[in-house]
>>> print(open('model10.cif').read())   # mmCIF, C-alpha atoms
data_run
#
loop_
_atom_site.label_atom_id
_atom_site.label_comp_id
_atom_site.auth_asym_id
_atom_site.auth_seq_id
_atom_site.Cartn_x
_atom_site.Cartn_y
_atom_site.Cartn_z
CA MET A 1 -10.50 -52.05 -9.74
CA GLY A 2 -11.59 -54.80 -7.36
CA ASN A 3 -12.03 -58.44 -8.12
CA PRO A 4 -14.72 -58.63 -10.85
CA GLY A 5 -16.37 -61.56 -9.10
CA TRP A 6 -17.32 -59.35 -6.16
CA SER A 7 -19.78 -56.52 -5.79
CA PRO A 8 -18.78 -53.39 -3.84
CA HIS A 9 -20.89 -54.77 -1.00
CA GLY A 10 -19.15 -58.12 -0.79
CA SER A 11 -21.78 -60.20 -2.64
CA PRO A 12 -20.92 -63.84 -3.39
CA PRO A 13 -19.03 -64.51 -6.63
CA THR A 14 -20.77 -65.59 -9.82
CA LEU A 15 -20.90 -69.29 -10.58
CA SER A 16 -18.35 -68.92 -13.35
CA THR A 17 -15.72 -67.47 -11.00
CA LEU A 18 -16.43 -70.09 -8.37
CA THR A 19 -16.19 -73.07 -10.71
CA LEU A 20 -13.10 -71.74 -12.45
CA LEU A 21 -11.30 -71.49 -9.11
CA LEU A 22 -12.55 -74.92 -8.05
CA LEU A 23 -10.82 -76.36 -11.11
CA LEU A 24 -7.50 -75.08 -9.80
CA CYS A 25 -7.62 -77.27 -6.70
CA GLY A 26 -4.87 -79.81 -6.80
CA HIS A 27 -5.41 -82.36 -4.03
CA ALA A 28 -7.21 -82.98 -0.76
CA HIS A 29 -6.52 -84.57 2.58
CA SER A 30 -6.58 -88.36 2.27
CA GLN A 31 -9.66 -88.74 4.50
CA CYS A 32 -11.54 -85.50 3.96
CA LYS A 33 -13.31 -85.87 0.61
CA ILE A 34 -14.16 -82.22 0.06
CA LEU A 35 -12.24 -82.17 -3.22
CA ARG A 36 -14.46 -84.94 -4.55
CA CYS A 37 -17.51 -82.83 -3.68
CA ASN A 38 -15.89 -79.85 -5.40
CA ALA A 39 -15.13 -81.89 -8.53
CA GLU A 40 -18.62 -83.38 -8.74
CA TYR A 41 -20.12 -79.90 -8.42
CA VAL A 42 -17.93 -78.63 -11.26
CA SER A 43 -18.90 -81.61 -13.41
CA SER A 44 -22.61 -81.13 -12.79
CA THR A 45 -22.46 -77.44 -13.77
CA LEU A 46 -20.40 -77.76 -16.96
CA SER A 47 -23.54 -77.49 -19.09
CA LEU A 48 -24.45 -74.20 -17.41
CA ARG A 49 -21.31 -72.52 -18.70
CA GLY A 50 -20.97 -71.37 -22.27
CA GLY A 51 -19.17 -73.87 -24.51
CA GLY A 52 -18.21 -76.11 -21.58
CA SER A 53 -15.46 -73.67 -20.63
CA PRO A 54 -15.29 -71.55 -17.49
CA GLY A 55 -16.90 -68.55 -19.07
CA ALA A 56 -19.81 -66.42 -17.93
CA LEU A 57 -23.05 -67.97 -16.74
CA ARG A 58 -25.61 -67.79 -19.51
CA GLY A 59 -27.78 -64.76 -19.03
CA GLY A 60 -24.85 -62.82 -17.57
CA GLY A 61 -23.87 -61.92 -14.03
CA ALA A 62 -24.86 -63.09 -10.62
CA GLY A 63 -28.49 -62.16 -10.97
CA ALA A 64 -29.11 -64.01 -14.20
CA GLY A 65 -30.21 -67.24 -12.59
CA ALA A 66 -31.84 -65.90 -9.48
CA GLY A 67 -34.46 -68.47 -8.51
CA SER A 68 -38.07 -67.67 -9.33
CA ARG A 69 -37.05 -64.73 -11.47
CA GLY A 70 -35.95 -67.24 -14.09
CA GLY A 71 -32.69 -67.36 -15.97
CA ALA A 72 -31.22 -70.03 -18.19
CA GLY A 73 -29.30 -71.94 -15.57
CA SER A 74 -31.07 -71.38 -12.25
CA GLY A 75 -32.87 -74.73 -12.08
CA GLY A 76 -29.79 -76.74 -12.90
CA LEU A 77 -27.66 -74.64 -10.59
CA CYS A 78 -30.01 -75.18 -7.64
CA ARG A 79 -30.00 -78.93 -8.26
CA ALA A 80 -26.20 -78.88 -8.36
CA LEU A 81 -26.00 -76.85 -5.14
CA ARG A 82 -28.34 -79.23 -3.33
CA SER A 83 -26.17 -82.15 -4.44
CA TYR A 84 -23.08 -80.26 -3.34
CA ALA A 85 -24.61 -79.63 0.10
CA LEU A 86 -25.56 -83.31 0.42
CA CYS A 87 -22.00 -84.36 -0.44
CA THR A 88 -20.52 -82.06 2.22
CA ARG A 89 -22.91 -83.47 4.85
CA ARG A 90 -21.81 -87.00 4.01
CA THR A 91 -18.13 -86.16 4.45
CA ALA A 92 -18.57 -83.88 7.47
CA ARG A 93 -17.27 -86.38 10.03
CA THR A 94 -13.89 -86.85 8.32
CA CYS A 95 -13.52 -83.16 7.45
CA ARG A 96 -13.64 -81.76 10.97
CA GLY A 97 -10.88 -79.15 11.27
CA ASP A 98 -10.54 -78.71 7.48
CA LEU A 99 -10.87 -75.03 6.61
CA ALA A 100 -11.66 -75.81 2.97
CA PHE A 101 -14.63 -77.91 4.13
CA HIS A 102 -15.99 -75.21 6.45
CA SER A 103 -15.54 -72.59 3.74
CA ALA A 104 -17.34 -74.80 1.21
CA VAL A 105 -20.32 -75.23 3.53
CA HIS A 106 -20.69 -71.47 4.00
CA GLY A 107 -20.05 -70.86 0.29
CA ILE A 108 -22.86 -73.20 -0.69
CA GLU A 109 -25.21 -71.41 1.71
CA ASP A 110 -24.30 -68.04 0.19
CA LEU A 111 -24.91 -69.25 -3.38
CA MET A 112 -28.23 -70.87 -2.48
CA ILE A 113 -29.39 -67.59 -1.00
CA GLN A 114 -28.06 -65.59 -3.96
CA TYR A 115 -29.86 -67.78 -6.49
CA ASN A 116 -33.00 -68.19 -4.35
CA CYS A 117 -32.68 -71.99 -4.21
CA SER A 118 -34.94 -74.00 -1.93
CA ARG A 119 -33.33 -76.41 0.54
CA GLN A 120 -35.62 -79.25 -0.54
CA GLY A 121 -35.93 -80.39 -4.12
CA PRO A 122 -34.35 -82.48 -6.86
CA THR A 123 -30.60 -82.95 -6.94
CA ALA A 124 -28.23 -83.19 -9.87
CA PRO A 125 -27.71 -86.65 -11.41
CA PRO A 126 -24.45 -88.40 -10.55
CA PRO A 127 -21.56 -87.21 -12.73
CA PRO A 128 -20.39 -89.53 -15.53
CA ARG A 129 -17.67 -91.93 -14.49
CA GLY A 130 -14.87 -91.26 -16.92
CA PRO A 131 -11.12 -91.39 -16.55
CA ALA A 132 -11.20 -88.39 -14.23
CA LEU A 133 -13.58 -85.72 -13.02
CA PRO A 134 -12.72 -82.09 -13.67
CA GLY A 135 -10.57 -80.92 -10.82
CA SER A 136 -9.84 -84.44 -9.53
CA GLY A 137 -6.14 -84.22 -10.27
CA PRO A 138 -3.37 -81.62 -10.44
CA VAL A 139 -3.90 -78.97 -13.09
CA ARG A 140 -0.93 -78.50 -15.33
CA SER A 141 -0.48 -74.91 -16.26
CA SER A 142 2.22 -72.75 -17.74
CA GLY A 143 0.95 -69.80 -15.69
CA PRO A 144 2.40 -68.47 -12.44
CA PRO A 145 3.06 -70.97 -9.64
CA ALA A 146 0.22 -71.70 -7.24
CA PRO A 147 0.15 -69.45 -4.16
CA ASP A 148 1.42 -70.78 -0.86
CA PRO A 149 -1.48 -72.69 0.77
CA CYS A 150 -0.04 -71.88 4.21
CA ASP A 151 -0.14 -68.10 3.64
CA TYR A 152 -3.72 -67.29 4.62
CA GLU A 153 -3.63 -63.55 3.92
CA GLY A 154 -1.92 -63.99 0.56
CA GLN A 155 -4.41 -66.65 -0.51
CA PHE A 156 -7.41 -64.63 0.61
CA SER A 157 -6.22 -61.39 -1.04
CA ARG A 158 -5.41 -63.21 -4.27
CA LEU A 159 -8.86 -64.76 -4.48
CA HIS A 160 -10.94 -61.87 -3.15
CA GLY A 161 -9.06 -58.82 -4.36
CA ARG A 162 -9.13 -57.44 -0.82
CA PRO A 163 -7.56 -58.33 2.54
CA PRO A 164 -9.44 -60.63 4.93
CA ARG A 165 -11.48 -59.39 7.87
CA PHE A 166 -10.00 -59.84 11.32
CA LEU A 167 -11.36 -60.00 14.86
CA HIS A 168 -9.72 -59.05 18.15
CA CYS A 169 -10.05 -60.50 21.64
CA ALA A 170 -8.07 -59.90 24.83
CA SER A 171 -7.92 -61.02 28.44
CA PHE A 172 -5.83 -59.13 30.96
CA GLY A 173 -5.67 -58.03 34.57
CA ASP A 174 -8.44 -59.24 36.83
CA PRO A 175 -9.25 -60.73 34.19
CA HIS A 176 -11.07 -58.29 31.98
CA VAL A 177 -12.25 -59.83 28.72
CA ARG A 178 -12.79 -57.95 25.49
CA SER A 179 -14.73 -60.28 23.16
CA PHE A 180 -14.86 -60.43 19.37
CA HIS A 181 -18.22 -58.61 19.58
CA HIS A 182 -16.71 -55.66 21.53
CA HIS A 183 -18.25 -56.80 24.81
CA PHE A 184 -16.11 -55.83 27.79
CA HIS A 185 -16.56 -57.80 31.02
CA THR A 186 -14.79 -58.01 34.35
CA CYS A 187 -14.94 -61.66 35.36
CA ARG A 188 -14.30 -63.94 38.32
CA VAL A 189 -13.88 -67.14 36.21
CA GLN A 190 -11.85 -69.01 38.80
CA GLY A 191 -10.23 -72.19 37.48
CA ALA A 192 -9.80 -73.18 33.82
CA TRP A 193 -11.97 -71.49 31.16
CA PRO A 194 -11.74 -71.59 27.34
CA LEU A 195 -11.02 -68.29 25.64
CA LEU A 196 -11.18 -70.01 22.25
CA ASP A 197 -12.23 -73.50 21.17
CA ASN A 198 -12.64 -73.81 17.42
CA ASP A 199 -11.54 -76.30 14.81
CA PHE A 200 -8.08 -74.79 14.44
CA LEU A 201 -7.17 -73.27 17.77
CA PHE A 202 -7.78 -73.90 21.46
CA VAL A 203 -6.87 -71.40 24.19
CA GLN A 204 -7.52 -72.01 27.88
CA ALA A 205 -6.87 -69.58 30.73
CA THR A 206 -6.54 -70.76 34.32
CA SER A 207 -7.21 -68.15 37.00
CA SER A 208 -7.04 -67.95 40.79
CA PRO A 209 -8.04 -65.25 43.32
CA VAL A 210 -5.82 -62.18 43.49
CA ALA A 211 -6.13 -62.17 47.27
CA SER A 212 -7.57 -64.35 50.01
CA GLY A 213 -11.38 -64.07 50.06
CA ALA A 214 -11.46 -61.88 46.94
CA ASN A 215 -13.94 -62.45 44.13
CA ALA A 216 -11.46 -60.98 41.65
CA THR A 217 -9.09 -63.40 39.93
CA ALA A 218 -6.01 -63.18 37.73
CA THR A 219 -4.74 -65.50 35.00
CA ARG A 220 -1.84 -67.65 36.19
CA LYS A 221 -1.61 -70.11 33.30
CA LEU A 222 -2.33 -70.14 29.56
CA THR A 223 -2.54 -73.22 27.34
CA ILE A 224 -2.67 -72.77 23.57
CA ILE A 225 -3.09 -75.64 21.11
CA PHE A 226 -2.53 -75.11 17.39
CA LYS A 227 -4.34 -78.08 15.91
CA ASN A 228 -2.90 -80.28 13.18
CA MET A 229 -3.29 -78.54 9.81
CA GLN A 230 -2.59 -81.05 7.05
CA GLU A 231 0.44 -79.98 5.04
CA CYS A 232 1.02 -76.77 7.02
CA ILE A 233 1.82 -77.73 10.63
CA ASP A 234 1.97 -80.53 13.15
CA GLN A 235 -0.12 -80.02 16.25
CA LYS A 236 1.75 -77.70 18.59
CA VAL A 237 1.12 -76.93 22.25
CA TYR A 238 2.25 -73.77 24.01
CA GLN A 239 2.01 -73.42 27.79
CA ALA A 240 2.87 -70.38 29.88
CA GLU A 241 2.68 -69.91 33.63
CA VAL A 242 3.55 -67.01 35.88
CA ASP A 243 7.36 -66.78 36.01
CA ASN A 244 7.63 -69.25 33.12
CA LEU A 245 6.94 -67.62 29.76
CA PRO A 246 8.87 -69.84 27.32
CA ALA A 247 9.91 -68.76 23.83
CA ALA A 248 9.22 -72.24 22.42
CA PHE A 249 6.45 -74.77 22.13
CA GLU A 250 6.14 -77.59 24.64
CA ASP A 251 8.27 -79.90 22.46
CA GLY A 252 11.07 -77.34 22.33
CA SER A 253 10.45 -76.26 18.73
CA ILE A 254 9.92 -72.68 17.57
CA ASN A 255 7.94 -73.43 14.39
CA GLY A 256 5.23 -75.69 13.02
CA GLY A 257 7.43 -78.71 12.39
CA ASP A 258 8.84 -80.46 9.33
CA ARG A 259 5.83 -80.16 7.05
CA PRO A 260 6.17 -77.97 3.92
CA GLY A 261 4.41 -75.08 5.66
CA GLY A 262 6.12 -75.47 9.03
CA SER A 263 7.52 -71.95 8.92
CA SER A 264 3.97 -70.55 8.79
CA LEU A 265 3.83 -71.00 12.58
CA SER A 266 6.56 -69.27 14.57
CA ILE A 267 7.41 -67.86 18.00
CA ARG A 268 9.53 -64.84 18.72
CA THR A 269 10.26 -62.71 21.77
CA ALA A 270 11.65 -59.22 22.11
CA ASN A 271 11.55 -59.31 25.89
CA PRO A 272 12.33 -62.82 27.16
CA GLY A 273 10.23 -63.90 30.11
CA ASN A 274 7.77 -61.02 29.71
CA HIS A 275 6.52 -60.85 26.14
CA VAL A 276 6.01 -63.62 23.54
CA GLU A 277 4.44 -63.30 20.09
CA ILE A 278 3.17 -66.31 18.16
CA ARG A 279 2.34 -65.88 14.49
CA ALA A 280 0.21 -68.50 12.73
CA ALA A 281 0.23 -67.26 9.13
CA TYR A 282 -1.56 -70.36 7.85
CA ILE A 283 -4.75 -69.30 9.68
CA GLY A 284 -4.22 -65.52 9.65
CA THR A 285 -3.63 -65.31 13.40
CA THR A 286 -1.25 -63.45 15.71
CA ILE A 287 -1.17 -63.96 19.49
CA ILE A 288 0.63 -61.94 22.15
CA ILE A 289 1.19 -63.27 25.68
CA ARG A 290 2.56 -60.97 28.37
CA GLN A 291 3.49 -61.25 32.03
CA THR A 292 3.04 -58.25 34.31
CA ALA A 293 2.61 -57.97 38.07
CA GLY A 294 2.35 -61.71 38.67
CA GLN A 295 -0.34 -62.41 36.07
CA LEU A 296 -0.60 -63.27 32.38
CA SER A 297 -2.44 -61.44 29.62
CA PHE A 298 -3.60 -62.72 26.24
CA SER A 299 -4.33 -60.81 23.04
CA ILE A 300 -5.26 -62.16 19.61
CA LYS A 301 -5.91 -60.98 16.08
CA VAL A 302 -7.59 -63.76 14.09
CA ALA A 303 -9.18 -64.15 10.67
CA GLU A 304 -12.96 -64.02 10.95
CA ASP A 305 -13.67 -67.33 9.21
CA VAL A 306 -11.17 -69.11 11.46
CA ALA A 307 -12.78 -67.66 14.59
CA ARG A 308 -16.24 -68.79 13.50
CA ALA A 309 -15.26 -72.38 12.58
CA PHE A 310 -16.80 -74.13 15.57
CA SER A 311 -19.78 -76.34 16.32
CA ALA A 312 -22.44 -76.22 19.02
CA GLU A 313 -20.24 -78.37 21.23
CA GLN A 314 -17.66 -75.58 21.23
CA ASP A 315 -19.98 -72.71 22.16
CA LEU A 316 -18.41 -71.84 25.54
CA GLN A 317 -15.69 -69.40 24.50
CA LEU A 318 -15.04 -66.18 26.40
CA CYS A 319 -13.71 -64.52 23.23
CA VAL A 320 -16.98 -65.28 21.45
CA GLY A 321 -19.64 -64.70 24.09
CA GLY A 322 -17.76 -62.87 26.82
CA CYS A 323 -18.03 -64.08 30.40
CA PRO A 324 -21.21 -66.01 31.32
CA PRO A 325 -23.58 -63.80 33.36
CA SER A 326 -22.91 -65.82 36.51
CA GLN A 327 -19.19 -65.06 36.22
CA ARG A 328 -19.40 -61.29 35.72
CA LEU A 329 -18.52 -59.12 38.69
CA SER A 330 -21.31 -56.81 39.76
CA ARG A 331 -20.90 -53.06 40.12
CA SER A 332 -20.68 -53.42 43.93
CA GLU A 333 -17.97 -56.09 43.59
CA ARG A 334 -16.05 -53.90 41.17
CA SER A 335 -16.17 -50.95 43.61
CA ARG A 336 -14.44 -52.84 46.44
CA ARG A 337 -11.72 -50.76 48.08
CA GLY A 338 -8.19 -51.96 48.74
CA ALA A 339 -4.98 -50.65 50.26
CA ILE A 340 -4.71 -47.84 47.68
CA THR A 341 -7.27 -45.04 47.57
CA ILE A 342 -9.35 -44.56 44.45
CA ASP A 343 -7.85 -41.12 43.83
CA THR A 344 -4.35 -42.58 43.93
CA ALA A 345 -5.37 -45.43 41.64
CA LYS A 346 -6.88 -42.99 39.13
CA GLN A 347 -3.77 -40.86 39.19
CA LEU A 348 -1.54 -43.88 38.58
CA CYS A 349 -3.70 -45.11 35.71
CA LYS A 350 -4.14 -41.68 34.14
CA GLU A 351 -0.42 -41.44 33.42
CA GLY A 352 -0.55 -44.19 30.80
CA LEU A 353 -4.28 -44.17 29.98
CA PRO A 354 -5.43 -40.57 29.46
CA VAL A 355 -8.82 -41.59 27.99
CA GLU A 356 -11.21 -42.72 30.73
CA ASP A 357 -12.44 -45.72 28.79
CA ALA A 358 -12.91 -49.36 29.83
CA TYR A 359 -9.14 -49.89 29.87
CA PHE A 360 -8.70 -46.97 32.27
CA HIS A 361 -11.45 -48.18 34.61
CA SER A 362 -10.09 -51.73 34.46
CA CYS A 363 -6.72 -50.36 35.48
CA VAL A 364 -8.24 -48.48 38.42
CA PHE A 365 -10.07 -51.63 39.53
CA ASP A 366 -6.95 -53.79 39.32
CA VAL A 367 -4.81 -51.33 41.26
CA LEU A 368 -7.50 -50.96 43.96
CA ILE A 369 -8.00 -54.70 44.37
CA SER A 370 -4.36 -55.74 44.24
CA GLY A 371 -2.81 -52.72 45.94
CA ASP A 372 -0.04 -53.05 43.35
CA PRO A 373 0.76 -50.02 41.13
CA ASN A 374 2.41 -52.41 38.64
CA PHE A 375 -1.07 -53.53 37.55
CA THR A 376 -1.28 -50.34 35.46
CA VAL A 377 1.05 -51.96 32.93
CA ALA A 378 -1.40 -54.76 32.05
CA ALA A 379 -4.16 -52.37 30.94
CA GLN A 380 -1.71 -50.16 29.05
CA ALA A 381 -0.28 -53.15 27.17
CA ALA A 382 -3.78 -54.45 26.37
CA LEU A 383 -4.69 -51.08 24.88
CA GLU A 384 -1.54 -51.05 22.77
CA ASP A 385 -2.28 -54.55 21.49
CA ALA A 386 -5.83 -53.48 20.62
CA ARG A 387 -4.48 -50.48 18.76
CA ALA A 388 -2.23 -52.77 16.72
CA PHE A 389 -4.79 -55.53 16.18
CA LEU A 390 -8.11 -53.78 15.67
CA PRO A 391 -8.91 -53.11 12.00
CA ASP A 392 -11.43 -50.42 12.98
CA LEU A 393 -9.77 -47.99 15.37
CA GLU A 394 -13.09 -46.23 15.94
CA LYS A 395 -13.92 -49.20 18.18
CA LEU A 396 -10.65 -48.98 20.10
CA HIS A 397 -12.08 -47.17 23.14
CA LEU A 398 -14.99 -48.82 24.94
CA PHE A 399 -16.66 -47.01 27.81
CA PRO A 400 -18.21 -48.35 31.02
CA SER A 401 -21.75 -47.60 29.89
CA ASP A 402 -21.12 -49.86 26.89
CA ALA A 403 -19.77 -52.83 28.84
CA GLY A 404 -21.52 -55.99 27.81
CA VAL A 405 -23.29 -54.31 24.88
CA THR A 406 -22.57 -55.08 21.25
CA LEU A 407 -21.12 -51.89 19.81
CA SER A 408 -21.34 -52.67 16.12
CA SER A 409 -24.04 -53.99 13.83
CA GLY A 410 -21.71 -56.64 12.42
CA THR A 411 -21.62 -60.04 14.14
CA LEU A 412 -19.27 -62.95 14.22
CA LEU A 413 -21.71 -64.96 12.13
CA ALA A 414 -21.84 -62.52 9.22
CA PRO A 415 -22.29 -64.34 5.90
CA LEU A 416 -19.09 -65.68 4.39
CA SER A 417 -18.72 -65.43 0.64
CA GLY A 418 -18.68 -68.54 -1.48
CA LEU A 419 -15.28 -67.76 -2.92
CA LEU A 420 -13.63 -68.42 0.44
CA LEU A 421 -14.10 -72.16 -0.02
CA LEU A 422 -11.21 -72.16 -2.50
CA TRP A 423 -8.33 -70.78 -0.50
CA LEU A 424 -7.40 -74.06 1.14
CA CYS A 425 -8.96 -76.54 -1.28
CA ILE A 426 -5.53 -77.88 -2.12
CA GLN A 427 -5.42 -79.45 1.31
#
>>> encode(input="model10.cif", output="structure tokens")
Amino acid sequence: MGNPGWSPHGSPPTLSTLTLLLLLCGHAHSQCKILRCNAEYVSSTLSLRGGGSPGALRGGGAGAGAGSRGGAGSGGLCRALRSYALCTRRTARTCRGDLAFHSAVHGIEDLMIQYNCSRQGPTAPPPPRGPALPGSGPVRSSGPPAPDPCDYEGQFSRLHGRPPRFLHCASFGDPHVRSFHHHFHTCRVQGAWPLLDNDFLFVQATSSPVASGANATATRKLTIIFKNMQECIDQKVYQAEVDNLPAAFEDGSINGGDRPGGSSLSIRTANPGNHVEIRAAYIGTTIIIRQTAGQLSFSIKVAEDVARAFSAEQDLQLCVGGCPPSQRLSRSERSRRGAITIDTAKQLCKEGLPVEDAYFHSCVFDVLISGDPNFTVAAQAALEDARAFLPDLEKLHLFPSDAGVTLSSGTLLAPLSGLLLLWLCIQ
């Protein structure tokens, strides 16, 4: 059986489940006041729960208080949610980069939609000022120990009764970019361009022409910043350049530092100088960097809510939107001939890429442009990473006719359930 707070279709949890889990939050970052918002919300909804305990919402189930359809607690709940939303807006500036804050914001939105609450209207009265608000201090319990706050997958599965959703992005070869939305572009993007720029992770690729006068470029440098994450990790910077693929962060460390969750960020290499894997368990992310034929490739598997935690100022991200139209190579540019004939290039690529998908055609393009048969390895490795990272293998193979077209109905901005706001509330 799945988590009883969730419907088979991933509906938001009932209020009772949400508030019960909010009460388990132990502490918050000293400047981000999201825990105070959480506690005030719990306090303002105590009367909506039977006997003042975290039992079922009066009327039963998620639909019991659904807006205009009535229900014992819908009016009070909507007032409490509007107050909760106002509190998060007031603390937004100091909570930038806090996953619990971002999750709370999306959780509130989900509950307001579920209970048909209007955005404008009365708010809940301020909570009584007693010795302590519910949830404002550590909860003493004789139950099992609290889960590791720096184990994203474990936290998510424990709270949701299912594993988290992941997204995949890659940049390799010319470069060719596969975005989170399953767009596949061949790009010129000369100079430094952000692959990712969200509140937890920044990745920048720097490219230069593969040959004099060529529109095609290849990635020569990658810069990855794992941003400071409260009790989990110190900020860490990783930089790789062609012929310099280190197995350590810029400061010489191989983990997230001396914080309690420092081991939740780690680097390992099975092929020094050619293949590095960075695992960031605290944000459900794995990154692979490779060097082949004088260029670097990047591949990532990242938790969906981490990938979508960015503001309008961070909207230029090749992994999110693919290459800007002005930076995409045209069909005529992609058909440029080089020192190797197209038949030879196809034969070379066919050996490791039997399916004539976007990876195969990218391989043919790279070999034609560079004149280097070693460029076949980049496309093969990118396909293998996609096979390992993609949760839905039906989307593994993209074909040229689909390039630049969203291949699935799901989007990066799919609604996030309210329960997600709990997993890092102890920050």
>>> residues_near_point(input="model10.cif", point="(-28.1, -79.2, -13.0)", cutoff="7 Å", atoms="only C-alpha atoms", output="mmCIF file with C-alpha atoms, keeping the file's coordinate frame")
data_model
loop_
_atom_site.group_PDB
_atom_site.id
_atom_site.type_symbol
_atom_site.label_atom_id
_atom_site.label_comp_id
_atom_site.auth_asym_id
_atom_site.auth_seq_id
_atom_site.Cartn_x
_atom_site.Cartn_y
_atom_site.Cartn_z
ATOM 1 C CA SER A 44 -22.610 -81.130 -12.790
ATOM 2 C CA THR A 45 -22.460 -77.440 -13.770
ATOM 3 C CA GLY A 75 -32.870 -74.730 -12.080
ATOM 4 C CA GLY A 76 -29.790 -76.740 -12.900
ATOM 5 C CA LEU A 77 -27.660 -74.640 -10.590
ATOM 6 C CA CYS A 78 -30.010 -75.180 -7.640
ATOM 7 C CA ARG A 79 -30.000 -78.930 -8.260
ATOM 8 C CA ALA A 80 -26.200 -78.880 -8.360
ATOM 9 C CA ALA A 124 -28.230 -83.190 -9.870
#
>>> closest_residue(input="model10.cif", among="A:Ala378, A:Ala270, A:Ala248, A:Leu195", to="Leu316 in chain A", atoms="all atoms listed in the file")
A:Leu195
>>> residues_around(input="model10.cif", residues="range 346-354 of chain A", least_positions_apart="6", cutoff="8 Å", atoms="only C-alpha atoms", output="MDAnalysis selection string")
chainID A and resid 360 363:364 373 376 380
>>> resolve_selection(input="model10.cif", expression="the PyMOL selection byres ((chain A and resi 178) around 12)", output="PDB file with C-alpha atoms, in the frame of the given file")
ATOM      1  CA  LEU A 167     -11.360 -60.000  14.860  1.00  0.00           C
ATOM      2  CA  HIS A 168      -9.720 -59.050  18.150  1.00  0.00           C
ATOM      3  CA  CYS A 169     -10.050 -60.500  21.640  1.00  0.00           C
ATOM      4  CA  ALA A 170      -8.070 -59.900  24.830  1.00  0.00           C
ATOM      5  CA  SER A 171      -7.920 -61.020  28.440  1.00  0.00           C
ATOM      6  CA  PHE A 172      -5.830 -59.130  30.960  1.00  0.00           C
ATOM      7  CA  GLY A 173      -5.670 -58.030  34.570  1.00  0.00           C
ATOM      8  CA  PRO A 175      -9.250 -60.730  34.190  1.00  0.00           C
ATOM      9  CA  HIS A 176     -11.070 -58.290  31.980  1.00  0.00           C
ATOM     10  CA  VAL A 177     -12.250 -59.830  28.720  1.00  0.00           C
ATOM     11  CA  SER A 179     -14.730 -60.280  23.160  1.00  0.00           C
ATOM     12  CA  PHE A 180     -14.860 -60.430  19.370  1.00  0.00           C
ATOM     13  CA  HIS A 181     -18.220 -58.610  19.580  1.00  0.00           C
ATOM     14  CA  HIS A 182     -16.710 -55.660  21.530  1.00  0.00           C
ATOM     15  CA  HIS A 183     -18.250 -56.800  24.810  1.00  0.00           C
ATOM     16  CA  PHE A 184     -16.110 -55.830  27.790  1.00  0.00           C
ATOM     17  CA  HIS A 185     -16.560 -57.800  31.020  1.00  0.00           C
ATOM     18  CA  THR A 186     -14.790 -58.010  34.350  1.00  0.00           C
ATOM     19  CA  CYS A 187     -14.940 -61.660  35.360  1.00  0.00           C
ATOM     20  CA  LEU A 195     -11.020 -68.290  25.640  1.00  0.00           C
ATOM     21  CA  SER A 297      -2.440 -61.440  29.620  1.00  0.00           C
ATOM     22  CA  PHE A 298      -3.600 -62.720  26.240  1.00  0.00           C
ATOM     23  CA  SER A 299      -4.330 -60.810  23.040  1.00  0.00           C
ATOM     24  CA  ILE A 300      -5.260 -62.160  19.610  1.00  0.00           C
ATOM     25  CA  GLN A 317     -15.690 -69.400  24.500  1.00  0.00           C
ATOM     26  CA  LEU A 318     -15.040 -66.180  26.400  1.00  0.00           C
ATOM     27  CA  CYS A 319     -13.710 -64.520  23.230  1.00  0.00           C
ATOM     28  CA  VAL A 320     -16.980 -65.280  21.450  1.00  0.00           C
ATOM     29  CA  GLY A 321     -19.640 -64.700  24.090  1.00  0.00           C
ATOM     30  CA  GLY A 322     -17.760 -62.870  26.820  1.00  0.00           C
ATOM     31  CA  CYS A 323     -18.030 -64.080  30.400  1.00  0.00           C
ATOM     32  CA  ALA A 358     -12.910 -49.360  29.830  1.00  0.00           C
ATOM     33  CA  TYR A 359      -9.140 -49.890  29.870  1.00  0.00           C
ATOM     34  CA  SER A 362     -10.090 -51.730  34.460  1.00  0.00           C
ATOM     35  CA  ALA A 379      -4.160 -52.370  30.940  1.00  0.00           C
ATOM     36  CA  ALA A 382      -3.780 -54.450  26.370  1.00  0.00           C
ATOM     37  CA  LEU A 383      -4.690 -51.080  24.880  1.00  0.00           C
ATOM     38  CA  ASP A 385      -2.280 -54.550  21.490  1.00  0.00           C
ATOM     39  CA  ALA A 386      -5.830 -53.480  20.620  1.00  0.00           C
ATOM     40  CA  LEU A 390      -8.110 -53.780  15.670  1.00  0.00           C
ATOM     41  CA  LYS A 395     -13.920 -49.200  18.180  1.00  0.00           C
ATOM     42  CA  LEU A 396     -10.650 -48.980  20.100  1.00  0.00           C
ATOM     43  CA  HIS A 397     -12.080 -47.170  23.140  1.00  0.00           C
ATOM     44  CA  LEU A 398     -14.990 -48.820  24.940  1.00  0.00           C
ATOM     45  CA  PHE A 399     -16.660 -47.010  27.810  1.00  0.00           C
ATOM     46  CA  ASP A 402     -21.120 -49.860  26.890  1.00  0.00           C
ATOM     47  CA  ALA A 403     -19.770 -52.830  28.840  1.00  0.00           C
ATOM     48  CA  GLY A 404     -21.520 -55.990  27.810  1.00  0.00           C
ATOM     49  CA  VAL A 405     -23.290 -54.310  24.880  1.00  0.00           C
ATOM     50  CA  THR A 406     -22.570 -55.080  21.250  1.00  0.00           C
ATOM     51  CA  LEU A 407     -21.120 -51.890  19.810  1.00  0.00           C
TER      52      LEU A 407
END
>>> atom_distance(input="model10.cif", atom1="CA of Phe375 in chain A", atom2="CA of Pro325 in chain A")
25.1 Å
>>> residues_around(input="model10.cif", residues="range 308-314 of chain A", least_positions_apart="3", cutoff="9 Å", atoms="all atoms listed in the file", output="list in words")
Gly97, Leu99, His102, Ser103, Leu196, Asp197, Asn198, Asp199, Phe200, Ala303, Glu304, Asp305, Gln317, Val320, Leu412 and Leu413 of chain A
